[in-house]
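Structure data (PDB, C-alpha atoms) from input14.pdb:
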ATOM      1  CA  MET A   1      60.422 177.184 103.121
ATOM      2  CA  PHE A   2      61.805 177.145  99.588
ATOM      3  CA  VAL A   3      60.100 179.393  97.061
ATOM      4  CA  ALA A   4      59.489 176.283  94.957
ATOM      5  CA  LYS A   5      57.002 175.071  97.609
ATOM      6  CA  GLU A   6      55.121 178.363  97.273
ATOM      7  CA  PHE A   7      55.001 177.750  93.507
ATOM      8  CA  GLU A   8      53.429 174.345  94.123
ATOM      9  CA  ALA A   9      50.700 175.857  96.314
ATOM     10  CA  ALA A  10      50.033 178.669  93.837
ATOM     11  CA  ASN A  11      49.939 176.165  90.995
ATOM     12  CA  ALA A  12      47.361 173.970  92.757
ATOM     13  CA  ASN A  13      45.109 177.021  92.983
ATOM     14  CA  TYR A  14      45.795 177.983  89.354
ATOM     15  CA  ALA A  15      45.195 174.465  88.007
ATOM     16  CA  SER A  16      41.902 174.075  89.887
ATOM     17  CA  SER A  17      40.215 176.498  87.492
ATOM     18  CA  PHE A  18      42.465 175.959  84.437
ATOM     19  CA  THR A  19      40.578 175.878  81.117
ATOM     20  CA  LYS A  20      43.291 176.529  78.532
ATOM     21  CA  GLY A  21      44.597 173.019  77.877
ATOM     22  CA  ASP A  22      43.766 173.179  74.199
ATOM     23  CA  LEU A  23      45.852 176.204  73.206
ATOM     24  CA  GLN A  24      47.705 175.834  69.922
ATOM     25  CA  LEU A  25      51.418 175.487  69.303
ATOM     26  CA  PRO A  26      53.234 177.880  68.881
ATOM     27  CA  PRO A  27      52.305 179.983  71.909
ATOM     28  CA  GLN A  28      50.157 183.061  71.551
ATOM     29  CA  ARG A  29      51.587 185.433  74.205
ATOM     30  CA  LYS A  30      51.175 182.902  77.029
ATOM     31  CA  ASP A  31      52.871 183.755  80.295
ATOM     32  CA  PRO A  32      53.789 180.646  82.323
ATOM     33  CA  ALA A  33      54.618 182.819  85.349
ATOM     34  CA  ARG A  34      50.911 182.930  86.205
ATOM     35  CA  ALA A  35      50.908 179.159  86.690
ATOM     36  CA  LEU A  36      53.420 179.678  89.512
ATOM     37  CA  GLY A  37      51.619 182.594  91.118
ATOM     38  CA  LEU A  38      54.235 185.124  90.011
ATOM     39  CA  GLU A  39      53.601 188.775  89.325
ATOM     40  CA  GLU A  40      55.934 191.159  87.522
ATOM     41  CA  GLY A  41      59.023 191.796  89.643
ATOM     42  CA  ASP A  42      58.633 188.664  91.814
ATOM     43  CA  ALA A  43      61.395 186.638  90.169
ATOM     44  CA  HIS A  44      64.148 186.786  87.597
ATOM     45  CA  VAL A  45      62.633 184.678  84.818
ATOM     46  CA  ILE A  46      64.980 183.399  82.116
ATOM     47  CA  ARG A  47      63.208 181.953  79.085
ATOM     48  CA  ASN A  48      64.683 180.094  76.139
ATOM     49  CA  ALA A  49      63.725 177.410  73.650
ATOM     50  CA  GLY A  50      63.208 174.173  75.542
ATOM     51  CA  GLY A  51      64.038 175.815  78.869
ATOM     52  CA  ARG A  52      67.564 174.405  78.616
ATOM     53  CA  ALA A  53      69.882 175.286  81.498
ATOM     54  CA  SER A  54      73.073 175.193  79.437
ATOM     55  CA  ASP A  55      71.614 177.914  77.223
ATOM     56  CA  ALA A  56      70.649 179.943  80.322
ATOM     57  CA  LEU A  57      73.882 179.451  82.284
ATOM     58  CA  ARG A  58      75.276 182.897  81.468
ATOM     59  CA  SER A  59      72.057 184.560  82.641
ATOM     60  CA  ILE A  60      71.920 182.418  85.796
ATOM     61  CA  ILE A  61      75.470 183.416  86.741
ATOM     62  CA  ILE A  62      74.646 187.102  86.243
ATOM     63  CA  SER A  63      71.389 186.706  88.179
ATOM     64  CA  GLN A  64      73.175 185.126  91.130
ATOM     65  CA  GLN A  65      76.206 187.382  91.157
ATOM     66  CA  LEU A  66      74.561 190.731  90.432
ATOM     67  CA  LEU A  67      70.908 190.317  91.419
ATOM     68  CA  GLY A  68      71.269 188.066  94.450
ATOM     69  CA  THR A  69      69.197 185.142  93.165
ATOM     70  CA  ARG A  70      69.392 182.330  95.725
ATOM     71  CA  GLU A  71      67.043 179.706  94.344
ATOM     72  CA  ILE A  72      66.604 178.202  90.887
ATOM     73  CA  VAL A  73      63.474 176.616  89.490
ATOM     74  CA  ILE A  74      63.629 174.903  86.107
ATOM     75  CA  VAL A  75      60.330 174.475  84.260
ATOM     76  CA  HIS A  76      59.933 172.550  81.029
ATOM     77  CA  HIS A  77      56.501 171.914  79.514
ATOM     78  CA  THR A  78      54.573 169.194  77.737
ATOM     79  CA  ASP A  79      53.904 169.613  74.028
ATOM     80  CA  CYS A  80      57.269 171.369  73.701
ATOM     81  CA  GLY A  81      58.419 172.170  70.191
ATOM     82  CA  MET A  82      61.945 171.025  71.099
ATOM     83  CA  LEU A  83      60.587 167.449  71.074
ATOM     84  CA  THR A  84      59.576 167.750  67.431
ATOM     85  CA  PHE A  85      62.864 167.852  65.526
ATOM     86  CA  PRO A  86      66.338 166.329  65.502
ATOM     87  CA  ASP A  87      69.469 168.485  65.217
ATOM     88  CA  ASP A  88      70.106 167.466  61.610
ATOM     89  CA  ALA A  89      66.648 168.649  60.487
ATOM     90  CA  ILE A  90      67.043 172.185  61.828
ATOM     91  CA  ARG A  91      70.665 172.370  60.664
ATOM     92  CA  GLY A  92      69.502 171.381  57.161
ATOM     93  CA  LYS A  93      66.814 174.057  57.311
ATOM     94  CA  ILE A  94      69.421 176.678  58.274
ATOM     95  CA  ARG A  95      71.605 175.626  55.330
ATOM     96  CA  GLU A  96      68.697 175.577  52.847
ATOM     97  CA  GLU A  97      66.791 178.672  53.927
ATOM     98  CA  LEU A  98      69.605 180.896  55.186
ATOM     99  CA  GLY A  99      72.548 179.570  53.187
ATOM    100  CA  GLN A 100      74.528 179.360  56.424
ATOM    101  CA  ASN A 101      76.264 176.654  58.432
ATOM    102  CA  GLY A 102      74.729 176.416  61.910
ATOM    103  CA  ASP A 103      76.797 173.424  63.014
ATOM    104  CA  HIS A 104      78.587 175.506  65.667
ATOM    105  CA  ILE A 105      75.339 176.329  67.507
ATOM    106  CA  ALA A 106      74.027 173.967  70.189
ATOM    107  CA  LEU A 107      70.327 173.694  69.306
ATOM    108  CA  LEU A 108      69.593 171.334  72.217
ATOM    109  CA  PRO A 109      66.499 169.415  71.048
ATOM    110  CA  PHE A 110      65.557 166.434  73.196
ATOM    111  CA  GLY A 111      63.485 163.292  72.955
ATOM    112  CA  ASP A 112      62.625 162.721  76.620
ATOM    113  CA  LEU A 113      60.978 165.609  78.413
ATOM    114  CA  ARG A 114      61.388 164.229  81.938
ATOM    115  CA  GLN A 115      65.061 163.435  81.333
ATOM    116  CA  SER A 116      65.692 166.940  79.972
ATOM    117  CA  VAL A 117      64.560 168.402  83.310
ATOM    118  CA  LEU A 118      66.748 165.954  85.267
ATOM    119  CA  ASP A 119      69.719 166.729  83.015
ATOM    120  CA  ASP A 120      69.291 170.477  83.446
ATOM    121  CA  VAL A 121      69.007 170.257  87.242
ATOM    122  CA  LYS A 122      72.156 168.130  87.318
ATOM    123  CA  LEU A 123      74.037 170.477  84.995
ATOM    124  CA  LEU A 124      73.401 173.437  87.306
ATOM    125  CA  ARG A 125      74.077 171.508  90.515
ATOM    126  CA  ASP A 126      77.379 170.268  89.091
ATOM    127  CA  SER A 127      78.520 173.614  87.681
ATOM    128  CA  PRO A 128      81.281 175.334  89.645
ATOM    129  CA  LEU A 129      79.913 178.638  88.284
ATOM    130  CA  VAL A 130      76.549 178.232  90.024
ATOM    131  CA  LEU A 131      76.201 178.891  93.738
ATOM    132  CA  VAL A 132      75.023 176.030  95.934
ATOM    133  CA  VAL A 133      71.340 176.942  96.214
ATOM    134  CA  PRO A 134      68.071 175.003  96.057
ATOM    135  CA  ILE A 135      67.436 173.881  92.466
ATOM    136  CA  THR A 136      64.062 172.334  91.691
ATOM    137  CA  GLY A 137      62.835 170.910  88.393
ATOM    138  CA  TYR A 138      59.218 170.849  87.234
ATOM    139  CA  LEU A 139      57.242 169.702  84.262
ATOM    140  CA  TYR A 140      54.377 172.057  83.436
ATOM    141  CA  GLU A 141      51.468 170.178  81.883
ATOM    142  CA  VAL A 142      49.985 172.524  79.286
ATOM    143  CA  GLU A 143      46.913 170.314  79.099
ATOM    144  CA  THR A 144      45.973 170.678  82.781
ATOM    145  CA  GLY A 145      47.872 173.746  83.985
ATOM    146  CA  ARG A 146      49.526 171.640  86.716
ATOM    147  CA  ILE A 147      53.194 171.369  87.561
ATOM    148  CA  ALA A 148      54.819 168.103  88.599
ATOM    149  CA  MET A 149      58.152 167.979  90.405
ATOM    150  CA  ILE A 150      60.778 166.006  88.549
ATOM    151  CA  GLY A 151      63.490 164.425  90.703
ATOM    152  CA  ASP A 152      64.187 165.474  94.257
ATOM    153  CA  ASP A 153      63.873 168.955  95.735
ATOM    154  CA  GLN A 154      67.369 169.219  97.215
TER     155      GLN A 154
END
Structure re-expressed in structure tokens:
Amino acid sequence: MFVAKEFEAANANYASSFTKGDLQLPPQRKDPARALGLEEGDAHVIRNAGGRASDALRSIIISQQLLGTREIVIVHHTDCGMLTFPDDAIRGKIREELGQNGDHIALLPFGDLRQSVLDDVKLLRDSPLVLVVPITGYLYEVETGRIAMIGDDQ
């Protein structure tokens, strides 16, 4: 059984008593690992803005090659701040507030949450730098505490 299936079972238990659907944005020390039934040391968790796989690729390669990771689970969440701005807005903010040009940095905002998960799963599956392992994508619903699989679970 894939670990992702264990996450689904743990999440069903977690969501059954979930009462934190009204937490504010930005997060206040929330730990999404609990929603998957994870304790410290259970998994190599890589976190970044928007959960984007291209931003995490370096860490995934290291995790697979040096730590023996043999399954990947991508989790994006509803009410994500990365849905709230276009590239040009944040680049303008960098220029105005920092006096710097951030055009060389991939900021990776997105407009379609479901598609961002599908894109990230595909990016990792297609990468010659990532081992052929199970890769599953989920959308974590901050309102309910539930996860929903996005795409297939190949």
Requested in this report: Evaluate the PyMOL selection byres ((chain A and resi 116) around 10) on the structure here and hand back the selected residues as a PyMOL selection string.
Outcome: chain A and resi 50-53+76+108-115+117-122+137+139+150
Could you tell me, as a ChimeraX atom specification, exactly which residues end up selected when the PyMOL selection byres ((chain A and resi 15) around 9) is applied to this structure? /A:10-14,16-19,35,144-147
Residue nearest Ala56 (chain A) among A:His77, A:Arg34, A:His44, A:Lys93 (counting only C-alpha atoms)
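Of A:His77, A:Arg34, A:His44, A:Lys93, the one nearest Ala56 (chain A), counting only C-alpha atoms, is A:His44.
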Hey, what's within 12 Å of Lys5 (chain A) if we count only C-alpha atoms and toss same-chain stuff fewer than 2 positions away? As a list in words, please?
Met1, Phe2, Val3, Phe7, Glu8, Ala9, Ala10, Asn11, Ala12, Leu36, Gly37, Glu71, Val73, Pro134, Ile135, Thr136, Gly137, Tyr138, Ile147, Ala148, Met149, Asp153 and Gln154 of chain A
Produce a file of the selected residues containing C-alpha atoms, as a short mmCIF file (atom, residue, chain, number, x, y, z; two decimals), keeping the file's coordinate frame.
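To be explicit, this is the file written out as part-v9.cif:
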data_model
loop_
_atom_site.label_atom_id
_atom_site.label_comp_id
_atom_site.auth_asym_id
_atom_site.auth_seq_id
_atom_site.Cartn_x
_atom_site.Cartn_y
_atom_site.Cartn_z
CA MET A 1 60.42 177.18 103.12
CA PHE A 2 61.80 177.14 99.59
CA VAL A 3 60.10 179.39 97.06
CA PHE A 7 55.00 177.75 93.51
CA GLU A 8 53.43 174.34 94.12
CA ALA A 9 50.70 175.86 96.31
CA ALA A 10 50.03 178.67 93.84
CA ASN A 11 49.94 176.16 91.00
CA ALA A 12 47.36 173.97 92.76
CA LEU A 36 53.42 179.68 89.51
CA GLY A 37 51.62 182.59 91.12
CA GLU A 71 67.04 179.71 94.34
CA VAL A 73 63.47 176.62 89.49
CA PRO A 134 68.07 175.00 96.06
CA ILE A 135 67.44 173.88 92.47
CA THR A 136 64.06 172.33 91.69
CA GLY A 137 62.84 170.91 88.39
CA TYR A 138 59.22 170.85 87.23
CA ILE A 147 53.19 171.37 87.56
CA ALA A 148 54.82 168.10 88.60
CA MET A 149 58.15 167.98 90.40
CA ASP A 153 63.87 168.96 95.74
CA GLN A 154 67.37 169.22 97.22
#
Correct to one decimal, the distance CA of Gly81 (chain A)-CA of Ala49 (chain A) is 8.2 Å
Return the padded bounding box of region 61-72 of chain A as JSON: axis-aligned, built from all atoms listed in the file, 6 Å added on each side, with centre and edge lengths in Å to one decimal.
{"center_x": 71.4, "center_y": 184.5, "center_z": 91.0, "size_x": 21.6, "size_y": 24.5, "size_z": 21.5}
message = Let me make sure I understand: among A:Gln65, A:Ser54, A:Thr78, A:Gln100, which one has the smallest atom-to-atom distance to Ser127 (chain A) if we use all atoms listed in the file?
response =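 Smallest distance to Ser127 (chain A) is found for A:Ser54.
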Item to complete: Kindly give the distance, in Å, that separates CA of Val142 (chain A) and CA of Ile72 (chain A), rounded to a single decimal.
Response: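 Going from CA of Val142 (chain A) over to CA of Ile72 (chain A), I get 21.0 Å.
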Between CA of Gly41 (chain A) and CA of Ile61 (chain A) lies a distance of 18.7 Å
Q: For Ile94 (chain A), work out the shell of residues within 12 Å, counting only C-alpha atoms and skipping chain neighbours fewer than 6 positions away, then give it as a ChimeraX atom specification.
A: /A:87-88,100-105,107
